[in-house]
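Have a look at the structure below, then the notes.
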Amino acid sequence: MKTHLFIILALISTFLTACKKENELKKSVFIYDPENINLPAYSEWGYNTFGAYYDREIFVSNNEFVPAKIIVSDTSLSFLLDGQKGPPDYYSTYPEMLISFTLSGLMPAHYADLALLNDSIIDLTNSACHIFVTIDTVKFTADILDGELNFNKVQILQVDKQQVEAILSGYFEFKAIINDKPVTISDGRFDVGIGPDNFYCN
Amino acid sequence: MKIKIVFLIFFLCYYTGFSLAQETRLKYIGIEGGMTFIESEISEMDYLRGSMPSYYMGYSNNSITSLSYKSFTGIKFEIFSLSDRFGLLGGIRFSYMNSSIGKSNYWTDNTNYFYWLYRKDGINTEYLTVKEVNQKSDYIGIPIEIRYFTAKRPRLCRIYFKLGIEINYLLKSKTGIVFNNPAMNSYEKDLIAMVEQPEKISSSIYGGGGFKLGRDQKPSVSFEACMPYMFLTSRSSGLLHPLFGGGFQLNFQIPIKSKAQ
């Protein structure tokens, strides 16, 4: 009897130890936009969500993939939005979709340096900008016809007086030729946190 | 407007049931006590970071929840109609209302705190992590109640139904904040200043039913369930918007013997 009790207690304590409390700021808080169906409402809280219309389809963040990453190389900065091609659902059953905005000439050394993007609108037709779209592991280069990426607000966030991340909030939309087909990405919005875990610098 | 209508009903009941005859009626004085549990929604607080299920059918254990209850005690006088079926009660009541918001962590991978936007200055934004916000308010009020007994006296146990209204005046209110990081306690005053305070005057209407236990014209005890309990004022608690509630009330009464009796 004592042995059984000991085993049960050991299992419970192992389970509790394994379930480490997640950092709440890394989770996604998806608040639906009442006007743009299936897209998250625009916010500036670092809710870790994004969404846009991909023609008539939905490109939206999900719980499976880290929604945003910043990769800085020697010559450029890439802003990646990783989600799914399909409406939001709890257990994502749609193909993975990723859009990468590569902006030449921007090389922040630290996530806090992303503040330089605050209130900036980037013309995506500029030759310094490149967009790559990956749908279900197939990567396409987008030939940009028109569009812009708007970092409406960048906030350097402190929690309990400790700096933890940069919150990037803004809009994007563009027209492009992708896989020999004209595509319109419209009503794009993002509200994502970039911290030590998703800021990559060479 | 609602208050006026309720008062009119009470006024008419009083005149039709209690004032037309000149004969002696039964009177009681007693003490009361009870509790009401209140279902509320959290006030609009645009400084709280959302913390809700991420997607449709997401777990709801991750959201900010509220708790509100009221306990009260008082002294009431009761006068019966000539038929002894109706009793009109009035008195004075001291109420203590406790409202709080917090975050449940039933599942071990959830945190038990939420984020409070403390400051936004250019590109710098500051959140403080908070475990709980509570608001404790003391009121003094006047309850007016009518109860209808289903059976005539004398009976050892009499069942009754009740309709009541109470008007309360806020004596004092205190808001407290429990920080996740105790080192942030020095910011409590700043955060409290952002919280809405309760209204000075609040009122509510309630119904209920119960039974009165005691021999005829002797001390008696009444136990009743109060449901529904509806607020006529929306900001009775500043932290929460109370919607409805339910609870119980206990009364101990002794008869007042008049000379005619």
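Residue numbers start at 1 in each chain; chains themselves are named A, B, ... in the order of the structure tokens; ligands are numbered from 1 in the order shown.
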
List every residue of chain A that has an atom at most 8 Å from any atom of chain B, and for each one report the closest atom pair and its distance in Å to one decimal, counting only C-alpha atoms, with rows sorted by chain and then by increasing residue number, as CSV.
residue,atom,partner,partner_atom,distance
A:Leu16,CA,B:Thr108,CA,7.0
A:Cys19,CA,B:Asp109,CA,5.6
A:Lys20,CA,B:Asp109,CA,5.7
A:Lys21,CA,B:Asp109,CA,4.2
A:Glu22,CA,B:Asp109,CA,5.7
A:Asn23,CA,B:Thr111,CA,7.7
A:Glu24,CA,B:Thr111,CA,6.9
A:Ser28,CA,B:Ser54,CA,5.9
A:Val29,CA,B:Ser54,CA,4.6
A:Phe30,CA,B:Ser54,CA,4.6
A:Ile31,CA,B:Ser54,CA,7.3
A:Trp45,CA,B:Arg49,CA,6.7
A:Pro88,CA,B:Tyr55,CA,6.9
A:Asp89,CA,B:Tyr55,CA,6.1
A:Tyr90,CA,B:Tyr55,CA,5.5
A:Ala115,CA,B:Ile123,CA,7.1
A:Asn118,CA,B:Ile123,CA,7.7
A:Lys153,CA,B:Ile123,CA,7.7
A:Val154,CA,B:Ile123,CA,6.2
A:Gln155,CA,B:Ile123,CA,4.5
A:Ile156,CA,B:Asn124,CA,5.0
A:Leu157,CA,B:Thr125,CA,4.9
A:Gln158,CA,B:Glu126,CA,4.7
A:Val159,CA,B:Tyr127,CA,4.7
A:Asp160,CA,B:Leu128,CA,4.9
A:Lys161,CA,B:Glu126,CA,7.2

Shell around segment 30-46 of chain B at 8 Å using only C-alpha atoms, local window under 4 positions removed, as a short mmCIF file (atom, residue, chain, number, x, y, z; two decimals) with N, CA and C atoms, in the first residue's frame:
data_model
loop_
_atom_site.label_atom_id
_atom_site.label_comp_id
_atom_site.auth_asym_id
_atom_site.auth_seq_id
_atom_site.Cartn_x
_atom_site.Cartn_y
_atom_site.Cartn_z
N SER B 66 -13.77 37.28 -12.06
CA SER B 66 -14.20 38.19 -11.00
C SER B 66 -14.96 37.43 -9.92
N LEU B 67 -14.95 38.01 -8.74
CA LEU B 67 -15.69 37.44 -7.61
C LEU B 67 -16.30 38.60 -6.85
N SER B 68 -17.56 38.46 -6.50
CA SER B 68 -18.21 39.54 -5.76
C SER B 68 -19.25 38.95 -4.81
N TYR B 69 -19.22 39.39 -3.59
CA TYR B 69 -20.25 38.97 -2.63
C TYR B 69 -20.49 40.08 -1.63
N LYS B 70 -21.63 39.97 -0.99
CA LYS B 70 -22.02 41.00 -0.03
C LYS B 70 -22.53 40.30 1.21
N SER B 71 -22.08 40.73 2.36
CA SER B 71 -22.65 40.20 3.60
C SER B 71 -23.28 41.37 4.34
N PHE B 72 -24.30 41.09 5.10
CA PHE B 72 -25.01 42.19 5.76
C PHE B 72 -25.59 41.76 7.09
N THR B 73 -25.83 42.75 7.92
CA THR B 73 -26.51 42.54 9.19
C THR B 73 -27.32 43.79 9.48
N GLY B 74 -28.40 43.64 10.24
CA GLY B 74 -29.21 44.82 10.51
C GLY B 74 -30.31 44.57 11.52
N ILE B 75 -31.07 45.60 11.74
CA ILE B 75 -32.22 45.52 12.65
C ILE B 75 -33.46 45.87 11.84
N LYS B 76 -34.51 45.04 12.01
CA LYS B 76 -35.72 45.29 11.23
C LYS B 76 -36.96 45.21 12.12
N PHE B 77 -37.91 46.03 11.74
CA PHE B 77 -39.20 46.05 12.41
C PHE B 77 -40.22 45.48 11.42
N ILE B 101 -10.92 40.97 -8.73
CA ILE B 101 -10.60 40.33 -10.01
C ILE B 101 -9.22 39.69 -9.88
N VAL B 195 -8.35 52.98 -10.88
CA VAL B 195 -9.52 52.11 -10.73
C VAL B 195 -10.76 52.96 -10.44
N CYS B 226 -32.71 34.16 -1.12
CA CYS B 226 -32.99 35.39 -1.88
C CYS B 226 -32.54 35.18 -3.33
N TYR B 229 -31.57 38.60 -7.13
CA TYR B 229 -31.16 39.85 -6.50
C TYR B 229 -30.66 40.74 -7.64
N GLY B 238 -17.24 49.70 -8.19
CA GLY B 238 -16.51 50.37 -9.26
C GLY B 238 -15.71 49.40 -10.11
N LEU B 239 -15.19 48.37 -9.44
CA LEU B 239 -14.34 47.40 -10.11
C LEU B 239 -15.15 46.52 -11.06
N LEU B 240 -16.36 46.21 -10.65
CA LEU B 240 -17.21 45.29 -11.41
C LEU B 240 -18.56 45.93 -11.69
N HIS B 241 -19.22 45.43 -12.73
CA HIS B 241 -20.60 45.81 -12.98
C HIS B 241 -21.48 44.65 -12.55
N PRO B 242 -22.11 44.76 -11.39
CA PRO B 242 -22.92 43.63 -10.93
C PRO B 242 -24.13 43.41 -11.82
N LEU B 243 -24.43 42.16 -12.11
CA LEU B 243 -25.56 41.84 -12.98
C LEU B 243 -26.74 41.32 -12.17
N PHE B 244 -26.54 40.22 -11.48
CA PHE B 244 -27.60 39.66 -10.63
C PHE B 244 -26.94 38.80 -9.57
N GLY B 245 -27.73 38.37 -8.63
CA GLY B 245 -27.15 37.56 -7.57
C GLY B 245 -28.17 36.71 -6.87
N GLY B 246 -27.73 36.03 -5.88
CA GLY B 246 -28.59 35.18 -5.06
C GLY B 246 -27.91 34.91 -3.75
N GLY B 247 -28.70 34.66 -2.72
CA GLY B 247 -28.08 34.41 -1.43
C GLY B 247 -29.08 33.92 -0.42
N PHE B 248 -28.78 34.18 0.82
CA PHE B 248 -29.68 33.73 1.89
C PHE B 248 -29.75 34.80 2.98
N GLN B 249 -30.79 34.71 3.76
CA GLN B 249 -30.98 35.67 4.85
C GLN B 249 -31.55 34.94 6.06
N LEU B 250 -31.08 35.31 7.22
CA LEU B 250 -31.54 34.71 8.46
C LEU B 250 -32.09 35.83 9.34
N ASN B 251 -33.27 35.61 9.90
CA ASN B 251 -33.89 36.63 10.76
C ASN B 251 -34.25 36.02 12.11
N PHE B 252 -33.98 36.74 13.15
CA PHE B 252 -34.45 36.33 14.47
C PHE B 252 -35.35 37.45 14.98
N GLN B 253 -36.60 37.10 15.31
CA GLN B 253 -37.57 38.14 15.68
C GLN B 253 -38.19 37.86 17.05
N ILE B 254 -38.50 38.94 17.73
CA ILE B 254 -39.28 38.81 18.96
C ILE B 254 -40.51 39.71 18.83
#

Legend entry - Separation of atom CA of Tyr47 of chain B from atom CA of Val178 of chain B in Å: 16.2 Å

From the DSSP assignment of the backbone, select every residue of segment 145-259 of chain B that is helix (DSSP H, G or I), and format the answer as a CSV table (one decimal) with N, CA and C atoms, in the first residue's frame.
chain,number,residue,atom,x,y,z
B,182,PRO,N,6.5,41.5,-5.2
B,182,PRO,CA,6.3,42.4,-4.1
B,182,PRO,C,7.1,43.7,-4.1
B,183,ALA,N,8.2,43.7,-4.9
B,183,ALA,CA,9.1,44.8,-5.0
B,183,ALA,C,8.3,46.0,-5.7
B,184,MET,N,7.2,45.7,-6.3
B,184,MET,CA,6.4,46.7,-7.0
B,184,MET,C,5.3,47.4,-6.1
B,185,ASN,N,5.3,47.0,-4.9
B,185,ASN,CA,4.2,47.5,-4.0
B,185,ASN,C,4.2,49.0,-3.9
B,186,SER,N,5.3,49.6,-4.1
B,186,SER,CA,5.4,51.1,-4.0
B,186,SER,C,4.5,51.8,-5.1
B,187,TYR,N,4.1,51.0,-6.1
B,187,TYR,CA,3.3,51.6,-7.2
B,187,TYR,C,1.8,51.4,-7.0
B,188,GLU,N,1.4,50.9,-5.8
B,188,GLU,CA,0.0,50.6,-5.5
B,188,GLU,C,-0.9,51.8,-5.6
B,189,LYS,N,-0.4,52.9,-5.1
B,189,LYS,CA,-1.3,54.1,-5.1
B,189,LYS,C,-1.5,54.6,-6.5
B,190,ASP,N,-0.5,54.5,-7.3
B,190,ASP,CA,-0.7,55.0,-8.7
B,190,ASP,C,-1.7,54.1,-9.4
B,191,LEU,N,-1.7,52.8,-9.2
B,191,LEU,CA,-2.6,51.9,-9.9
B,191,LEU,C,-4.0,52.1,-9.3
B,192,ILE,N,-4.1,52.3,-8.0
B,192,ILE,CA,-5.5,52.4,-7.4
B,192,ILE,C,-6.2,53.7,-8.0

Legend entry - Near-His130 of chain A list (7 Å; only C-alpha atoms; drop same-chain fewer than 5 positions) as a list in words: Phe101, Thr102 and Leu103 of chain A

Inset, instruction - Fewer than 3 positions away in the same chain doesn't count, so skip those; otherwise give me all residues within 6 Å of segment 133-135 of chain B, counting only C-alpha atoms, as a ChimeraX atom specification. - result: /B:98-101,174-177

Inset, instruction - From segment 36-192 of chain A, collect each residue whose DSSP state is strand (DSSP E) and return the set as a PyMOL selection string. - result: chain A and resi 49-54+57-60+68-72+76-85+96-104+120-123+129-135+138-159+162-178+181-192
